[in-house]
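Encoded as structure tokens, the structure appears first; notes follow it.
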Amino acid sequence: MMVEMTNEDLKEFYKLVFPEHSLEDIGNFLNTKLDQLGVDEFTAENNRIGSQIEIVKRILDANSNQTELAKKYLDGIDPKNCGSEYAHESSEEDDGFVIKNKVLTLDKTLHGTEVNGKQARMLILAHNKNVKRVNLFNSGFYITLRGPSLSEINIIYNRLSDKINSYGKTFGAIFYLHSDISIKEIIWDFIESLVIDSNLTKWDNTNRLRNNVSLLDYHLIIINIGTLMYKNGYNFVHTCTNVDCDYTETEKIDLGGLQLTDFNKIPLDKLRFIAKAPKVEIDDATDYRKAINNSTEFVIDKFKIYCKVPSIGAHIRSGNQFNQEMLSTIYNAKDEDEINQYLKYNFNRIFNAWIYKIEVMDAEGNVSFRINDNESIALALNELQSTSESSLVDKMNEFIKEATVTHIGYVTKKCPKCGKLPSNAIEETGLVTIDPQNAFFTILVMRLIQNS
Ligand SMILES: [Zn+2]
């Protein structure tokens, strides 16, 4: 896909990549580049950059619903209780402890020790401050991540943009929302390739990590890969959302600071567990998740619905299943309307991975029968959709809001020029949510352009 870029578009884009330079500098820079490269090569280069922006824009559009939802989840959150670090003071009957996502550094006691294998690898990465231990507050254990190399960033970028393009060709533009599953799958494979250690036992067995990392920790992990890609901070451009104001400010931020974990939601003994457990068995992690209320049940009509936060692995499996089914069902659809109808009447299915059991009750309120396999639950969800319009969606959103321990966002302030809060901020707290998956894609592109 090729996109013709106007000079103004180009300047705007470079302003995003190099916020510390003025538009005039950028204009001069582009003119010099034009002289050096000649018209043909200059145009080809701009088209390459243009198609990257186009893809980013499309992802942003596709995910706008999710950002709206994430904003709902932030409503009522007190930023004073949230952060990325936690400290418990010691007392007479109680040891203190600290929880922190640590960038691992070299151990000063090595004194020329000969090392090899896994330890050598770890030390080389630590030497570059390129390893970080990340606590997964929604899952109950930690992982140790290394930062990606430029060639790995290039590969994941290409895989993502190929996927998005081919998805568009298969389903047409309206399906970008559902392409989210295949994007998550690619990013998750990338995440797994960067995990070098964990306190979850046998974490490197096939599928063990993806089946135990909570879906609600996915964004937290992405943010922390970002911190390894931008160790000295990321240039974040604030642009005032008031159309009558043109105020723009660039701030260097630590991407890790976007992690807002609500420590009030985790009982003290479980915080201590996160801080101290040297090894975590699957049963320990399950107990941890129970203690942070990762499951619930409710009744709609004659259905009693049992749900819990899925693992990233369960989420991807159920999304792929839905995509395959959709592909075969709509293959012969007459027109776009028919496809839209299909999506509308199957909307409840996005919660498939969240629901593990449904009991169907008779007129007296006794359990008539129960189902717990994926396929039957999918059927029930469709059935529920035809009887009651939106209550499942409302109930699920309520549950997800309750169950989310870590939010991603930041506290913004009033614009120094016009005095208004950004339109996407929550009035009372100034909290603004960002979608880490979108942000991740943007920073991948930035990283590649800055190094090209
Ligand atoms: Zn303003």
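Each chain of the structure tokens is named A, B, ... in the order shown, its residues numbered from 1; ligands are numbered from 1 in display order.
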
**Report entry** Within 10 Å of ligand 1, counting only C-alpha atoms and all ligand atoms, residues as a ChimeraX atom specification
**Finding:** /A:239-248,414-422

For the selection just defined, write its residues with N, CA and C atoms to a file, as a CSV table (one decimal), in the first residue's frame.
```csv
chain,number,residue,atom,x,y,z
A,239,THR,N,-0.5,17.3,23.2
A,239,THR,CA,-1.1,18.3,22.4
A,239,THR,C,-2.5,18.7,23.0
A,240,CYS,N,-2.7,19.9,23.3
A,240,CYS,CA,-4.0,20.3,23.9
A,240,CYS,C,-5.1,19.9,23.0
A,241,THR,N,-6.2,19.3,23.6
A,241,THR,CA,-7.3,18.8,22.8
A,241,THR,C,-8.3,19.9,22.5
A,242,ASN,N,-8.2,21.1,23.1
A,242,ASN,CA,-9.0,22.2,22.8
A,242,ASN,C,-8.7,22.7,21.4
A,243,VAL,N,-9.7,22.7,20.5
A,243,VAL,CA,-9.4,23.1,19.1
A,243,VAL,C,-9.0,24.5,18.9
A,244,ASP,N,-9.4,25.4,19.9
A,244,ASP,CA,-9.0,26.8,19.8
A,244,ASP,C,-7.6,27.1,20.3
A,245,CYS,N,-6.9,26.0,20.8
A,245,CYS,CA,-5.6,26.2,21.5
A,245,CYS,C,-4.6,25.4,20.7
A,246,ASP,N,-3.4,25.9,20.6
A,246,ASP,CA,-2.5,25.1,19.8
A,246,ASP,C,-1.3,24.6,20.6
A,247,TYR,N,-1.5,24.6,22.0
A,247,TYR,CA,-0.4,24.3,22.9
A,247,TYR,C,0.1,22.9,22.8
A,248,THR,N,1.4,22.8,22.6
A,248,THR,CA,2.0,21.4,22.5
A,248,THR,C,3.2,21.4,23.5
A,414,LYS,N,-4.1,20.6,33.8
A,414,LYS,CA,-4.7,21.6,33.0
A,414,LYS,C,-3.7,22.2,32.0
A,415,CYS,N,-4.2,22.5,30.8
A,415,CYS,CA,-3.3,23.2,29.8
A,415,CYS,C,-2.8,24.5,30.3
A,416,PRO,N,-1.5,24.8,30.3
A,416,PRO,CA,-1.0,26.1,30.9
A,416,PRO,C,-1.4,27.3,30.0
A,417,LYS,N,-1.8,27.0,28.8
A,417,LYS,CA,-2.2,28.1,27.9
A,417,LYS,C,-3.7,28.5,28.1
A,418,CYS,N,-4.6,27.5,27.9
A,418,CYS,CA,-6.0,27.7,27.9
A,418,CYS,C,-6.7,27.3,29.2
A,419,GLY,N,-6.0,26.5,30.1
A,419,GLY,CA,-6.6,26.2,31.3
A,419,GLY,C,-7.5,25.0,31.3
A,420,LYS,N,-7.7,24.3,30.1
A,420,LYS,CA,-8.6,23.2,30.1
A,420,LYS,C,-7.9,21.9,30.3
A,421,LEU,N,-8.7,20.9,30.8
A,421,LEU,CA,-8.2,19.5,31.0
A,421,LEU,C,-8.4,18.9,29.6
A,422,PRO,N,-7.5,18.0,29.2
A,422,PRO,CA,-7.8,17.3,27.9
A,422,PRO,C,-9.1,16.6,27.9
```

Query - range 110-318 of chain A: residues DSSP assigns to strand (DSSP E or B), reported as a VMD selection string - result: chain A and resid 131 to 136 141 to 146 195 to 198 200 214 234 to 239 248 to 253 259 to 262 280 295 to 300 303 to 308 311

Report task. Please give the complete set of residues from range 129-280 of chain A that DSSP, run on the backbone, assigns to alpha helix (DSSP H), formatted as a PyMOL selection string. Result -> chain A and resi 150-171+180-194+218-229+268-276

Query - Selection near Lys290 in chain A, 12 Å with only C-alpha atoms, sequence-local residues under 5 positions removed, as a ChimeraX atom specification - result: /A:138-140,265-267,270,283-285,295-296,308-309,403

Take the residues that were just selected and, keeping N, CA and C atoms, output them as a tab-separated table (two decimals), in the first residue's frame.
```tsv
chain	number	residue	atom	x	y	z
A	138	ASN	N	-1.64	-9.29	38.28
A	138	ASN	CA	-2.90	-9.98	38.01
A	138	ASN	C	-2.71	-11.49	37.91
A	139	SER	N	-1.44	-11.94	37.87
A	139	SER	CA	-1.17	-13.37	37.68
A	139	SER	C	-0.61	-14.04	38.93
A	140	GLY	N	0.24	-13.33	39.70
A	140	GLY	CA	0.78	-13.90	40.93
A	140	GLY	C	2.20	-14.40	40.85
A	265	LYS	N	-6.23	-3.41	46.22
A	265	LYS	CA	-7.00	-4.59	45.80
A	265	LYS	C	-6.29	-5.89	46.12
A	266	ILE	N	-5.02	-5.80	46.59
A	266	ILE	CA	-4.26	-7.03	46.87
A	266	ILE	C	-4.07	-7.16	48.38
A	267	PRO	N	-4.54	-8.29	48.99
A	267	PRO	CA	-4.37	-8.46	50.44
A	267	PRO	C	-2.87	-8.47	50.81
A	270	LYS	N	-0.73	-11.48	50.22
A	270	LYS	CA	-0.45	-11.74	48.81
A	270	LYS	C	0.60	-10.75	48.28
A	283	ASP	N	-0.62	-24.02	41.61
A	283	ASP	CA	-1.64	-23.92	42.67
A	283	ASP	C	-1.49	-22.63	43.47
A	284	ASP	N	-0.22	-22.22	43.74
A	284	ASP	CA	0.00	-20.96	44.47
A	284	ASP	C	-0.56	-19.79	43.67
A	285	ALA	N	-0.29	-19.80	42.36
A	285	ALA	CA	-0.75	-18.70	41.51
A	285	ALA	C	-2.28	-18.68	41.47
A	295	SER	N	-12.73	-13.94	39.98
A	295	SER	CA	-13.89	-14.67	39.44
A	295	SER	C	-15.18	-14.15	40.07
A	296	THR	N	-16.29	-14.43	39.41
A	296	THR	CA	-17.59	-13.99	39.93
A	296	THR	C	-18.69	-14.83	39.29
A	308	LYS	N	-14.41	-16.01	35.03
A	308	LYS	CA	-13.14	-15.62	35.65
A	308	LYS	C	-12.22	-15.04	34.59
A	309	VAL	N	-11.25	-14.24	35.06
A	309	VAL	CA	-10.32	-13.59	34.13
A	309	VAL	C	-9.53	-14.68	33.39
A	403	ALA	N	-12.15	-6.54	38.63
A	403	ALA	CA	-11.05	-7.51	38.67
A	403	ALA	C	-9.71	-6.91	38.26
```

Query - Surrounding residues of Phe298 in chain A excluding itself and chain neighbours under 4 positions, 9 Å, only C-alpha atoms, as an MDAnalysis selection string - result: chainID A and resid 303:307 395

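Residues in contact with Arg447 in chain A at up to 12 Å, not including ones fewer than 2 positions away on its chain and judged by only C-alpha atoms, are Val17, Phe18, Pro148, Ser149, Leu150, Ser151, Glu152, Ile153, Asn154, Tyr157, Gly226, Leu228, Met229, Tyr230, Tyr234, Asn235, Phe440, Phe441, Thr442, Ile443, Leu444, Val445, Ile449, Gln450, Asn451 and Ser452 of chain A.
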
How would the residues just picked look written out with N, CA and C atoms as a PDB file, in the first residue's frame?
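Saved to part-v5.pdb:
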```pdb
ATOM      1  N   VAL A  17       8.167  12.435  15.547  1.00  0.00           N
ATOM      2  CA  VAL A  17       9.342  11.602  15.787  1.00  0.00           C
ATOM      3  C   VAL A  17      10.452  12.408  16.473  1.00  0.00           C
ATOM      4  N   PHE A  18      10.602  13.656  16.059  1.00  0.00           N
ATOM      5  CA  PHE A  18      11.659  14.501  16.633  1.00  0.00           C
ATOM      6  C   PHE A  18      11.035  15.730  17.285  1.00  0.00           C
ATOM      7  N   PRO A 148      14.410  -6.012  23.329  1.00  0.00           N
ATOM      8  CA  PRO A 148      14.572  -6.541  21.979  1.00  0.00           C
ATOM      9  C   PRO A 148      15.698  -5.831  21.227  1.00  0.00           C
ATOM     10  N   SER A 149      16.334  -6.532  20.297  1.00  0.00           N
ATOM     11  CA  SER A 149      17.338  -5.893  19.449  1.00  0.00           C
ATOM     12  C   SER A 149      16.622  -5.171  18.311  1.00  0.00           C
ATOM     13  N   LEU A 150      17.345  -4.300  17.602  1.00  0.00           N
ATOM     14  CA  LEU A 150      16.714  -3.576  16.489  1.00  0.00           C
ATOM     15  C   LEU A 150      16.204  -4.528  15.418  1.00  0.00           C
ATOM     16  N   SER A 151      16.968  -5.616  15.156  1.00  0.00           N
ATOM     17  CA  SER A 151      16.496  -6.514  14.096  1.00  0.00           C
ATOM     18  C   SER A 151      15.231  -7.247  14.554  1.00  0.00           C
ATOM     19  N   GLU A 152      15.125  -7.538  15.844  1.00  0.00           N
ATOM     20  CA  GLU A 152      13.888  -8.167  16.331  1.00  0.00           C
ATOM     21  C   GLU A 152      12.708  -7.201  16.227  1.00  0.00           C
ATOM     22  N   ILE A 153      12.987  -5.908  16.489  1.00  0.00           N
ATOM     23  CA  ILE A 153      11.921  -4.902  16.377  1.00  0.00           C
ATOM     24  C   ILE A 153      11.449  -4.832  14.928  1.00  0.00           C
ATOM     25  N   ASN A 154      12.415  -4.888  14.012  1.00  0.00           N
ATOM     26  CA  ASN A 154      12.090  -4.840  12.601  1.00  0.00           C
ATOM     27  C   ASN A 154      11.214  -6.039  12.208  1.00  0.00           C
ATOM     28  N   TYR A 157       7.693  -5.722  13.648  1.00  0.00           N
ATOM     29  CA  TYR A 157       6.968  -4.673  12.925  1.00  0.00           C
ATOM     30  C   TYR A 157       6.442  -5.224  11.597  1.00  0.00           C
ATOM     31  N   GLY A 226       8.536  -1.571  26.495  1.00  0.00           N
ATOM     32  CA  GLY A 226       8.778  -0.176  26.096  1.00  0.00           C
ATOM     33  C   GLY A 226       9.874   0.480  26.922  1.00  0.00           C
ATOM     34  N   LEU A 228      12.386  -0.935  28.263  1.00  0.00           N
ATOM     35  CA  LEU A 228      13.691  -1.470  27.856  1.00  0.00           C
ATOM     36  C   LEU A 228      14.109  -0.916  26.488  1.00  0.00           C
ATOM     37  N   MET A 229      13.137  -0.541  25.659  1.00  0.00           N
ATOM     38  CA  MET A 229      13.452   0.050  24.353  1.00  0.00           C
ATOM     39  C   MET A 229      13.837   1.521  24.495  1.00  0.00           C
ATOM     40  N   TYR A 230      13.312   2.176  25.504  1.00  0.00           N
ATOM     41  CA  TYR A 230      13.617   3.594  25.744  1.00  0.00           C
ATOM     42  C   TYR A 230      14.131   3.750  27.169  1.00  0.00           C
ATOM     43  N   TYR A 234      11.002   8.254  27.137  1.00  0.00           N
ATOM     44  CA  TYR A 234      10.353   8.354  25.827  1.00  0.00           C
ATOM     45  C   TYR A 234       9.807   9.768  25.687  1.00  0.00           C
ATOM     46  N   ASN A 235      10.057  10.389  24.515  1.00  0.00           N
ATOM     47  CA  ASN A 235       9.541  11.742  24.289  1.00  0.00           C
ATOM     48  C   ASN A 235       8.051  11.696  24.022  1.00  0.00           C
ATOM     49  N   PHE A 440       2.491   0.753  21.677  1.00  0.00           N
ATOM     50  CA  PHE A 440       3.595  -0.143  21.362  1.00  0.00           C
ATOM     51  C   PHE A 440       3.900  -0.097  19.872  1.00  0.00           C
ATOM     52  N   PHE A 441       2.839  -0.130  19.074  1.00  0.00           N
ATOM     53  CA  PHE A 441       3.030  -0.094  17.634  1.00  0.00           C
ATOM     54  C   PHE A 441       3.683   1.218  17.213  1.00  0.00           C
ATOM     55  N   THR A 442       3.220   2.314  17.822  1.00  0.00           N
ATOM     56  CA  THR A 442       3.809   3.612  17.504  1.00  0.00           C
ATOM     57  C   THR A 442       5.288   3.640  17.880  1.00  0.00           C
ATOM     58  N   ILE A 443       5.629   3.113  19.067  1.00  0.00           N
ATOM     59  CA  ILE A 443       7.037   3.214  19.461  1.00  0.00           C
ATOM     60  C   ILE A 443       7.927   2.262  18.653  1.00  0.00           C
ATOM     61  N   LEU A 444       7.351   1.186  18.153  1.00  0.00           N
ATOM     62  CA  LEU A 444       8.122   0.322  17.243  1.00  0.00           C
ATOM     63  C   LEU A 444       8.525   1.130  16.010  1.00  0.00           C
ATOM     64  N   VAL A 445       7.518   1.833  15.439  1.00  0.00           N
ATOM     65  CA  VAL A 445       7.781   2.623  14.233  1.00  0.00           C
ATOM     66  C   VAL A 445       8.810   3.715  14.524  1.00  0.00           C
ATOM     67  N   ILE A 449      12.401   4.287  12.707  1.00  0.00           N
ATOM     68  CA  ILE A 449      12.691   5.503  11.940  1.00  0.00           C
ATOM     69  C   ILE A 449      13.893   6.242  12.518  1.00  0.00           C
ATOM     70  N   GLN A 450      13.958   6.285  13.848  1.00  0.00           N
ATOM     71  CA  GLN A 450      15.085   6.986  14.475  1.00  0.00           C
ATOM     72  C   GLN A 450      16.412   6.321  14.159  1.00  0.00           C
ATOM     73  N   ASN A 451      16.370   5.033  13.814  1.00  0.00           N
ATOM     74  CA  ASN A 451      17.614   4.323  13.536  1.00  0.00           C
ATOM     75  C   ASN A 451      17.839   4.088  12.044  1.00  0.00           C
ATOM     76  N   SER A 452      16.946   4.637  11.182  1.00  0.00           N
ATOM     77  CA  SER A 452      17.141   4.368   9.759  1.00  0.00           C
ATOM     78  C   SER A 452      17.929   5.479   9.108  1.00  0.00           C
TER      79      SER A 452
END
```

**Report entry** Distance criterion (only C-alpha atoms): nearest to Tyr288 in chain A out of A:Asn212, A:Ser391, A:Asn348, A:Thr113
**Finding:** A:Asn212

All residues 7 Å or closer to range 180-183 of chain A, only C-alpha atoms, same chain fewer than 4 positions away omitted, as a short mmCIF file (atom, residue, chain, number, x, y, z; two decimals) with C-alpha atoms, in the first residue's frame:
```cif
data_model
loop_
_atom_site.label_atom_id
_atom_site.label_comp_id
_atom_site.auth_asym_id
_atom_site.auth_seq_id
_atom_site.Cartn_x
_atom_site.Cartn_y
_atom_site.Cartn_z
CA LEU A 160 2.33 -7.02 12.43
CA ILE A 187 2.88 -9.70 20.16
CA ILE A 316 -6.08 -16.17 22.02
CA GLY A 319 -10.48 -15.55 19.56
CA ASN A 320 -8.96 -17.75 16.87
#
```

Report task. Please provide as an MDAnalysis selection string all residues within 12 Å of Tyr142 in chain A, with the sequence filter that same-chain residues fewer than 6 positions apart are discarded (counting only C-alpha atoms). Result -> chainID A and resid 99:102 132:136 195:201 203 209 212:214 217 220:221 273:280 285

Query - Nearest to Asp394 in chain A by atom-to-atom distance, counting only C-alpha atoms, from A:Gly409, A:Ile300, A:Leu37, A:Met361 - result: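 Counting only C-alpha atoms, the residue closest to Asp394 in chain A is A:Ile300.
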
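Each of A:Thr286, A:Lys71, A:Lys302, A:Asp254 was checked against Val367 in chain A using only C-alpha atoms; the smallest atom-to-atom distance is that of A:Lys302.
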
Query raised in the report: Between A:Arg159, A:Arg272, A:His315, A:Lys401, which is the closest to Asn293 in chain A once you count only C-alpha atoms?
Result: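 That would be A:Lys401, the residue with the smallest distance to Asn293 in chain A.
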
Report task. Kindly indicate which residue among A:Asn130, A:Asn346, A:Gln259, A:Thr429 lies nearest to Lys231 in chain A, using only C-alpha atoms for the distances. Result ->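 Result for the nearest residue to Lys231 in chain A: A:Asn130.
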